[in-house]
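Chemist: Data file start_39.txt (compact mmCIF, C-alpha atoms and all ligand atoms) is appended below.
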# COMPACT_ATOMS: atom_id res chain seq x y z
CA MET A 1 -36.89 -90.28 31.11
CA ARG A 2 -35.97 -87.53 28.70
CA LEU A 3 -33.18 -87.09 26.21
CA VAL A 4 -31.61 -83.63 26.15
CA PRO A 5 -28.83 -82.01 24.12
CA TRP A 6 -25.95 -80.81 26.28
CA MET A 7 -23.72 -77.80 25.75
CA PRO A 8 -20.06 -78.09 26.89
CA ASP A 9 -20.88 -76.38 30.21
CA ASP A 10 -23.71 -78.83 30.93
CA LEU A 11 -21.24 -81.69 30.72
CA THR A 12 -18.56 -80.05 32.85
CA ARG A 13 -21.13 -79.04 35.47
CA ARG A 14 -22.25 -82.67 35.78
CA LEU A 15 -18.76 -84.16 35.51
CA ASP A 16 -19.10 -86.17 38.78
CA ASP A 17 -22.25 -87.86 37.47
CA VAL A 18 -20.75 -88.36 34.01
CA VAL A 19 -17.69 -90.08 35.50
CA ALA A 20 -19.93 -92.20 37.77
CA VAL A 21 -22.08 -93.40 34.85
CA TYR A 22 -18.95 -94.04 32.79
CA GLY A 23 -17.39 -96.07 35.64
CA GLU A 24 -20.52 -98.13 36.22
CA ALA A 25 -21.06 -98.82 32.53
CA MET A 26 -17.45 -99.81 31.83
CA GLY A 27 -16.69 -101.37 35.23
CA TYR A 28 -13.53 -99.27 35.61
CA ARG A 29 -11.62 -98.73 38.86
CA ALA A 30 -11.43 -95.38 40.65
CA GLU A 31 -7.78 -94.60 39.66
CA LEU A 32 -8.55 -95.00 35.99
CA LEU A 33 -11.67 -92.87 36.32
CA GLU A 34 -9.70 -89.98 37.82
CA ALA A 35 -7.53 -89.85 34.70
CA ARG A 36 -10.60 -89.99 32.43
CA ARG A 37 -12.20 -87.10 34.32
CA GLY A 38 -9.45 -84.73 33.14
CA TYR A 39 -9.74 -85.88 29.53
CA ILE A 40 -13.53 -85.51 29.48
CA ALA A 41 -13.32 -81.90 30.68
CA THR A 42 -10.82 -81.15 27.89
CA HIS A 43 -12.93 -82.93 25.26
CA ALA A 44 -15.88 -80.64 25.95
CA ARG A 45 -13.84 -77.72 24.53
CA ARG A 46 -12.99 -79.35 21.21
CA PRO A 47 -14.40 -78.03 17.91
CA GLY A 48 -17.59 -79.69 16.77
CA PHE A 49 -18.38 -80.93 20.29
CA ARG A 50 -21.88 -82.39 20.56
CA ALA A 51 -23.38 -84.17 23.57
CA VAL A 52 -26.63 -85.72 24.68
CA ALA A 53 -27.83 -86.90 28.07
CA THR A 54 -30.69 -89.02 29.32
CA LEU A 55 -32.17 -87.79 32.59
CA THR A 56 -34.87 -89.13 34.88
CA ARG A 57 -37.80 -86.87 35.64
CA ASP A 58 -36.02 -85.65 38.78
CA GLY A 59 -32.78 -84.95 36.92
CA HIS A 60 -30.66 -88.04 37.70
CA LEU A 61 -28.23 -88.94 34.93
CA VAL A 62 -29.09 -92.27 33.26
CA GLY A 63 -26.72 -92.07 30.30
CA PHE A 64 -24.78 -89.76 28.04
CA GLY A 65 -22.93 -89.65 24.77
CA TYR A 66 -20.59 -87.15 23.19
CA GLY A 67 -18.19 -86.62 20.34
CA TYR A 68 -16.39 -83.95 18.33
CA THR A 69 -14.69 -83.26 15.04
CA SER A 70 -11.77 -85.63 14.62
CA ALA A 71 -8.55 -83.72 13.86
CA SER A 72 -4.79 -84.15 13.58
CA GLY A 73 -3.03 -83.63 16.91
CA GLN A 74 -5.74 -85.52 18.81
CA TRP A 75 -4.29 -88.74 20.26
CA TRP A 76 -7.09 -91.05 19.04
CA HIS A 77 -7.17 -89.50 15.57
CA ASP A 78 -3.40 -89.82 15.16
CA GLN A 79 -3.39 -93.47 16.27
CA VAL A 80 -6.16 -94.39 13.86
CA ARG A 81 -4.66 -92.34 11.01
CA GLY A 82 -1.35 -94.14 11.46
CA ALA A 83 -3.02 -97.52 10.97
CA LEU A 84 -5.05 -96.62 7.86
CA THR A 85 -4.04 -96.67 4.20
CA GLU A 86 -3.84 -93.32 2.43
CA GLU A 87 -7.12 -94.03 0.68
CA ALA A 88 -8.91 -94.98 3.91
CA ARG A 89 -7.55 -91.87 5.64
CA LYS A 90 -9.01 -89.71 2.91
CA SER A 91 -12.41 -91.29 2.94
CA TRP A 92 -12.81 -91.71 6.72
CA LEU A 93 -10.87 -88.89 8.34
CA THR A 94 -11.24 -85.86 6.06
CA ASP A 95 -14.53 -84.67 7.60
CA CYS A 96 -15.16 -86.98 10.51
CA PHE A 97 -17.18 -86.83 13.72
CA GLU A 98 -15.70 -89.12 16.41
CA VAL A 99 -18.18 -90.70 18.80
CA VAL A 100 -15.96 -90.57 21.87
CA GLU A 101 -18.19 -91.91 24.66
CA LEU A 102 -21.62 -93.53 24.79
CA HIS A 103 -22.77 -95.06 28.07
CA VAL A 104 -25.90 -96.05 29.92
CA ARG A 105 -26.12 -96.99 33.61
CA PRO A 106 -26.38 -100.81 33.81
CA PRO A 107 -29.89 -100.94 35.33
CA ALA A 108 -31.23 -98.84 32.43
CA GLN A 109 -29.47 -100.79 29.65
CA GLY A 110 -31.45 -102.80 27.13
CA HIS A 111 -34.42 -100.43 26.86
CA GLY A 112 -33.46 -98.36 23.87
CA VAL A 113 -31.71 -95.53 25.76
CA GLY A 114 -28.34 -96.11 24.06
CA ALA A 115 -29.97 -96.26 20.64
CA ARG A 116 -31.84 -93.01 21.22
CA GLN A 117 -28.67 -91.31 22.45
CA LEU A 118 -26.64 -92.48 19.46
CA ARG A 119 -29.33 -91.43 16.97
CA ALA A 120 -29.67 -87.97 18.54
CA LEU A 121 -25.90 -87.48 18.72
CA LEU A 122 -25.37 -88.44 15.07
CA ARG A 123 -28.23 -86.19 13.96
CA MET A 124 -26.57 -83.26 15.75
CA ALA A 125 -23.09 -84.09 14.47
CA THR A 126 -21.40 -82.30 11.60
CA GLY A 127 -19.26 -84.31 9.19
CA ALA A 128 -19.41 -86.68 6.25
CA THR A 129 -18.40 -89.73 8.28
CA THR A 130 -18.41 -90.90 11.88
CA LEU A 131 -15.95 -93.22 13.61
CA LEU A 132 -15.78 -94.87 17.03
CA SER A 133 -13.72 -97.54 18.75
CA THR A 134 -15.03 -100.36 20.87
CA PRO A 135 -13.34 -103.35 22.52
CA GLU A 136 -13.34 -106.49 20.40
CA ALA A 137 -16.08 -108.85 21.58
CA ASP A 138 -18.43 -111.55 20.42
CA GLU A 139 -20.62 -109.38 18.20
CA SER A 140 -23.83 -111.22 18.96
CA ALA A 141 -23.18 -111.27 22.72
CA SER A 142 -22.23 -107.60 23.09
CA ARG A 143 -24.90 -104.95 23.44
CA ALA A 144 -22.54 -102.26 22.15
CA TRP A 145 -21.69 -104.28 19.03
CA ARG A 146 -25.34 -105.10 18.33
CA LEU A 147 -26.16 -101.41 18.65
CA TYR A 148 -23.42 -100.30 16.23
CA ARG A 149 -24.30 -102.96 13.69
CA ARG A 150 -27.97 -101.98 13.88
CA PHE A 151 -26.81 -98.46 13.01
CA GLU A 152 -24.91 -99.96 10.03
CA PHE A 153 -21.41 -99.21 11.28
CA VAL A 154 -18.86 -101.14 9.19
CA ASP A 155 -15.35 -102.37 10.03
CA VAL A 156 -12.60 -99.80 9.53
CA LEU A 157 -9.91 -101.51 11.65
CA ARG A 158 -10.10 -104.81 13.54
CA ASP A 159 -7.91 -106.11 16.36
CA PHE A 160 -6.28 -102.73 16.70
CA ARG A 161 -4.08 -102.02 19.75
CA PHE A 162 -3.97 -98.49 21.12
CA PRO A 163 -0.67 -97.82 22.93
CA GLY A 164 -0.99 -98.38 26.68
CA ASP A 165 -4.06 -100.64 26.44
CA GLU A 166 -3.75 -104.42 26.33
CA ARG A 167 -7.20 -104.92 24.83
CA ALA A 168 -7.86 -105.30 21.14
CA PHE A 169 -10.25 -102.73 19.67
CA ALA A 170 -12.29 -102.39 16.55
CA VAL A 171 -12.67 -99.03 14.83
CA LEU A 172 -16.09 -98.84 13.20
CA GLY A 173 -17.52 -96.20 10.90
CA ARG A 174 -20.46 -95.09 8.82
CA GLN A 175 -21.37 -92.25 6.51
CA LEU A 176 -23.32 -89.23 7.73
CA PRO A 177 -26.00 -88.05 7.75
CA LEU A 178 -28.20 -90.83 9.10
CA PRO A 179 -31.22 -91.48 6.88
CA SER A 180 -34.25 -89.62 8.24
C1 LIG B 1 -23.59 -99.97 24.75
C2 LIG B 1 -24.69 -99.18 25.44
C3 LIG B 1 -24.38 -97.69 25.36
C4 LIG B 1 -26.01 -99.46 24.72
O1 LIG B 1 -27.05 -98.79 25.40
P1 LIG B 1 -28.39 -99.57 25.78
O2 LIG B 1 -29.34 -98.57 26.28
O3 LIG B 1 -28.06 -100.71 26.65
O4 LIG B 1 -28.78 -100.11 24.33
P2 LIG B 1 -30.25 -100.15 23.74
O5 LIG B 1 -31.20 -100.42 24.82
O6 LIG B 1 -30.47 -98.97 22.91
O7 LIG B 1 -30.16 -101.37 22.82
C5 LIG B 1 -30.26 -102.56 23.50
C6 LIG B 1 -31.56 -103.26 23.19
O8 LIG B 1 -32.72 -102.49 23.29
C7 LIG B 1 -33.56 -102.72 22.16
N1 LIG B 1 -34.24 -101.50 21.82
C8 LIG B 1 -33.88 -100.59 20.91
N2 LIG B 1 -34.77 -99.60 20.87
C9 LIG B 1 -35.69 -99.90 21.80
C10 LIG B 1 -36.87 -99.26 22.26
N3 LIG B 1 -37.27 -98.10 21.71
N4 LIG B 1 -37.54 -99.81 23.27
C11 LIG B 1 -37.12 -100.97 23.80
N5 LIG B 1 -36.04 -101.63 23.41
C12 LIG B 1 -35.34 -101.10 22.42
C13 LIG B 1 -32.64 -103.10 21.09
O9 LIG B 1 -33.25 -103.99 20.17
C14 LIG B 1 -31.51 -103.75 21.82
O10 LIG B 1 -31.64 -105.13 21.90
P3 LIG B 1 -30.32 -105.99 21.91
O11 LIG B 1 -29.35 -105.39 22.92
O12 LIG B 1 -30.81 -107.33 22.31
O13 LIG B 1 -29.78 -105.90 20.53
C15 LIG B 1 -24.86 -99.60 26.91
O14 LIG B 1 -25.28 -100.95 26.98
C16 LIG B 1 -23.61 -99.42 27.74
O15 LIG B 1 -23.40 -98.37 28.30
N6 LIG B 1 -22.80 -100.49 27.84
C17 LIG B 1 -21.60 -100.48 28.63
C18 LIG B 1 -20.60 -99.48 28.14
C19 LIG B 1 -20.27 -99.64 26.69
O16 LIG B 1 -20.03 -100.75 26.22
N7 LIG B 1 -20.24 -98.52 25.99
C20 LIG B 1 -19.83 -98.48 24.64
C21 LIG B 1 -18.35 -98.59 24.64
S1 LIG B 1 -17.70 -98.23 23.09
Before we go any further, please render this structure as structure tokens.
Ligand SMILES: CC(C)(COP(=O)(O)OP(=O)(O)OC[C@H]1O[C@@H](n2cnc3c(N)ncnc32)[C@H](O)[C@@H]1OP(=O)(O)O)[C@@H](O)C(=O)NCCC(=O)NCCS
Modeler:
Amino acid sequence: MRLVPWMPDDLTRRLDDVVAVYGEAMGYRAELLEARRGYIATHARRPGFRAVATLTRDGHLVGFGYGYTSASGQWWHDQVRGALTEEARKSWLTDCFEVVELHVRPPAQGHGVGARQLRALLRMATGATTLLSTPEADESASRAWRLYRRFEFVDVLRDFRFPGDERAFAVLGRQLPLPS
């Protein structure tokens, strides 16, 4: 397997595979995935977009991650901004890279692929901070949570509800750059 940086066009060219990996990793139904497909294509055009992919030797997509510069007018940014104090907004959102998606196909999970993708993505990112959201879960029983804690992400918001989603989310963050 190899980890490669992706340009926006690489992601849009492989959108079917990206949506398939996303669906498998999150266990989402087809209708929901169709809506996500449109968003992902739009995300690839945002300023500060960075993406990585993990491919098998014959080019099959095993996992991917991407993010971009968080900015006013973006739905996620505006929701998070609205829930933060003025001081937290300043420190977290002034120069922030949002990790938007990070997924690995279930059969490949648990072998360090997600960690390598996250490290590479954050090394490529511009910004003084990085933020992400993840569903609330038992931290020790969730692979995603263990991964983010290993990368020293701290709590920014807990039990946060995004409009239109019944689940509770945590917003986690850390300073950039990662130590070398
Ligand atoms: C969350 C997710 C991206 C993590 O990717 P992953 O490849 O499974 O995670 P990793 O393999 O890097 O880390 C898992 C384990 O591998 C171990 N590991 C790390 N580096 C390793 C390496 N070089 N070699 C072998 N194992 C390694 C870690 O210790 C870790 O152990 P743990 O899970 O018991 O803590 C992935 O599991 C996933 O797609 N999950 C479903 C979707 C999801 O939750 N996405 C995030 C939503 S916000």
Chemist: Please give me, as a ChimeraX atom specification, the residues lying within 6 Å of ligand LIG 1 (chain B) when counting only C-alpha atoms and all ligand atoms.
Modeler: /A:25-26,102-104,109-115,133-134,143-144,146-147
Chemist: Counting all atoms listed in the file, which residue out of A:Glu24, A:Glu136, A:Asp95, A:Asp58 sits closest to Val171 of chain A?
Modeler: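 Among the listed residues, the smallest separation from Val171 of chain A belongs to A:Glu136.
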Chemist: So that I can check the surroundings of Gly67 of chain A, please list as a list in words every protein, DNA and RNA residue that reaches within 8 Å of it, counting all atoms listed in the file and ignoring chain neighbours fewer than 2 positions away.
Modeler: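 Surrounding residues, per the criterion: Gly48, Phe49, Arg50, Ala51, Gly65, Thr69, Phe97, Glu98, Val99, Val100, Glu101 and Leu121 of chain A.
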Chemist: Measuring atom to atom with all atoms listed in the file, identify which of A:Arg36, A:Lys90, A:His77, A:Arg150 is nearest to Arg119 of chain A.
Modeler: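 Nearest candidate to Arg119 of chain A out of A:Arg36, A:Lys90, A:His77, A:Arg150: A:Arg150.
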Chemist: Please determine an axis-aligned box that encloses all atoms of segment 66-73 of chain A listed in the file, with 8 Å added on each side, and express its centre and edge lengths in Å to one decimal as lines of an AutoDock Vina configuration file.
Modeler:
center_x = -11.8
center_y = -85.2
center_z = 18.4
size_x = 33.6
size_y = 19.9
size_z = 25.6
Chemist: Missing atoms in segment 60-71 of chain A should be modelled up to all heavy atoms and reported as a short mmCIF file (atom, residue, chain, number, x, y, z; two decimals), in the coordinates of the input.
Modeler:
data_model
loop_
_atom_site.label_atom_id
_atom_site.label_comp_id
_atom_site.auth_asym_id
_atom_site.auth_seq_id
_atom_site.Cartn_x
_atom_site.Cartn_y
_atom_site.Cartn_z
N HIS A 60 -31.80 -87.13 37.56
CA HIS A 60 -30.66 -88.04 37.70
C HIS A 60 -30.15 -88.47 36.32
O HIS A 60 -30.96 -88.70 35.40
CB HIS A 60 -31.05 -89.28 38.52
CG HIS A 60 -31.26 -88.96 39.95
ND1 HIS A 60 -30.24 -88.62 40.79
CD2 HIS A 60 -32.41 -88.90 40.68
CE1 HIS A 60 -30.73 -88.36 41.99
NE2 HIS A 60 -32.04 -88.53 41.96
N LEU A 61 -28.83 -88.59 36.21
CA LEU A 61 -28.23 -88.94 34.93
C LEU A 61 -28.29 -90.46 34.71
O LEU A 61 -27.77 -91.24 35.51
CB LEU A 61 -26.77 -88.47 34.89
CG LEU A 61 -26.05 -88.64 33.55
CD1 LEU A 61 -26.68 -87.76 32.47
CD2 LEU A 61 -24.56 -88.32 33.70
N VAL A 62 -28.92 -90.85 33.61
CA VAL A 62 -29.09 -92.27 33.26
C VAL A 62 -28.03 -92.68 32.22
O VAL A 62 -27.54 -93.81 32.24
CB VAL A 62 -30.51 -92.51 32.70
CG1 VAL A 62 -30.67 -93.93 32.19
CG2 VAL A 62 -31.56 -92.19 33.74
N GLY A 63 -27.69 -91.76 31.34
CA GLY A 63 -26.72 -92.07 30.30
C GLY A 63 -26.29 -90.80 29.61
O GLY A 63 -26.90 -89.73 29.80
N PHE A 64 -25.24 -90.92 28.80
CA PHE A 64 -24.78 -89.76 28.04
C PHE A 64 -23.98 -90.24 26.84
O PHE A 64 -23.53 -91.40 26.79
CB PHE A 64 -23.90 -88.83 28.91
CG PHE A 64 -22.56 -89.42 29.26
CD1 PHE A 64 -21.43 -89.12 28.49
CD2 PHE A 64 -22.43 -90.31 30.31
CE1 PHE A 64 -20.19 -89.69 28.78
CE2 PHE A 64 -21.20 -90.89 30.60
CZ PHE A 64 -20.08 -90.58 29.84
N GLY A 65 -23.79 -89.36 25.90
CA GLY A 65 -22.93 -89.65 24.77
C GLY A 65 -22.36 -88.33 24.28
O GLY A 65 -23.01 -87.29 24.39
N TYR A 66 -21.13 -88.37 23.79
CA TYR A 66 -20.59 -87.15 23.19
C TYR A 66 -19.53 -87.48 22.15
O TYR A 66 -19.02 -88.60 22.08
CB TYR A 66 -20.04 -86.19 24.26
CG TYR A 66 -18.72 -86.56 24.89
CD1 TYR A 66 -17.51 -86.31 24.25
CD2 TYR A 66 -18.67 -87.16 26.14
CE1 TYR A 66 -16.30 -86.63 24.83
CE2 TYR A 66 -17.47 -87.49 26.74
CZ TYR A 66 -16.28 -87.22 26.07
OH TYR A 66 -15.08 -87.56 26.65
N GLY A 67 -19.23 -86.48 21.35
CA GLY A 67 -18.19 -86.62 20.34
C GLY A 67 -17.78 -85.25 19.85
O GLY A 67 -18.29 -84.22 20.34
N TYR A 68 -16.86 -85.23 18.90
CA TYR A 68 -16.39 -83.95 18.33
C TYR A 68 -15.74 -84.21 16.99
O TYR A 68 -15.56 -85.37 16.57
CB TYR A 68 -15.42 -83.25 19.29
CG TYR A 68 -14.38 -84.14 19.92
CD1 TYR A 68 -13.35 -84.68 19.17
CD2 TYR A 68 -14.44 -84.44 21.28
CE1 TYR A 68 -12.40 -85.50 19.74
CE2 TYR A 68 -13.49 -85.27 21.88
CZ TYR A 68 -12.47 -85.79 21.10
OH TYR A 68 -11.53 -86.61 21.67
N THR A 69 -15.35 -83.14 16.34
CA THR A 69 -14.69 -83.26 15.04
C THR A 69 -13.31 -83.85 15.24
O THR A 69 -12.52 -83.37 16.06
CB THR A 69 -14.57 -81.86 14.39
OG1 THR A 69 -15.89 -81.29 14.31
CG2 THR A 69 -13.96 -81.95 13.00
N SER A 70 -13.05 -84.93 14.50
CA SER A 70 -11.77 -85.63 14.62
C SER A 70 -10.70 -84.84 13.86
O SER A 70 -10.93 -84.46 12.70
CB SER A 70 -11.94 -87.02 14.03
OG SER A 70 -10.87 -87.85 14.38
N ALA A 71 -9.56 -84.58 14.50
CA ALA A 71 -8.55 -83.72 13.86
C ALA A 71 -7.14 -84.17 14.23
O ALA A 71 -6.91 -84.72 15.31
CB ALA A 71 -8.76 -82.28 14.29
#
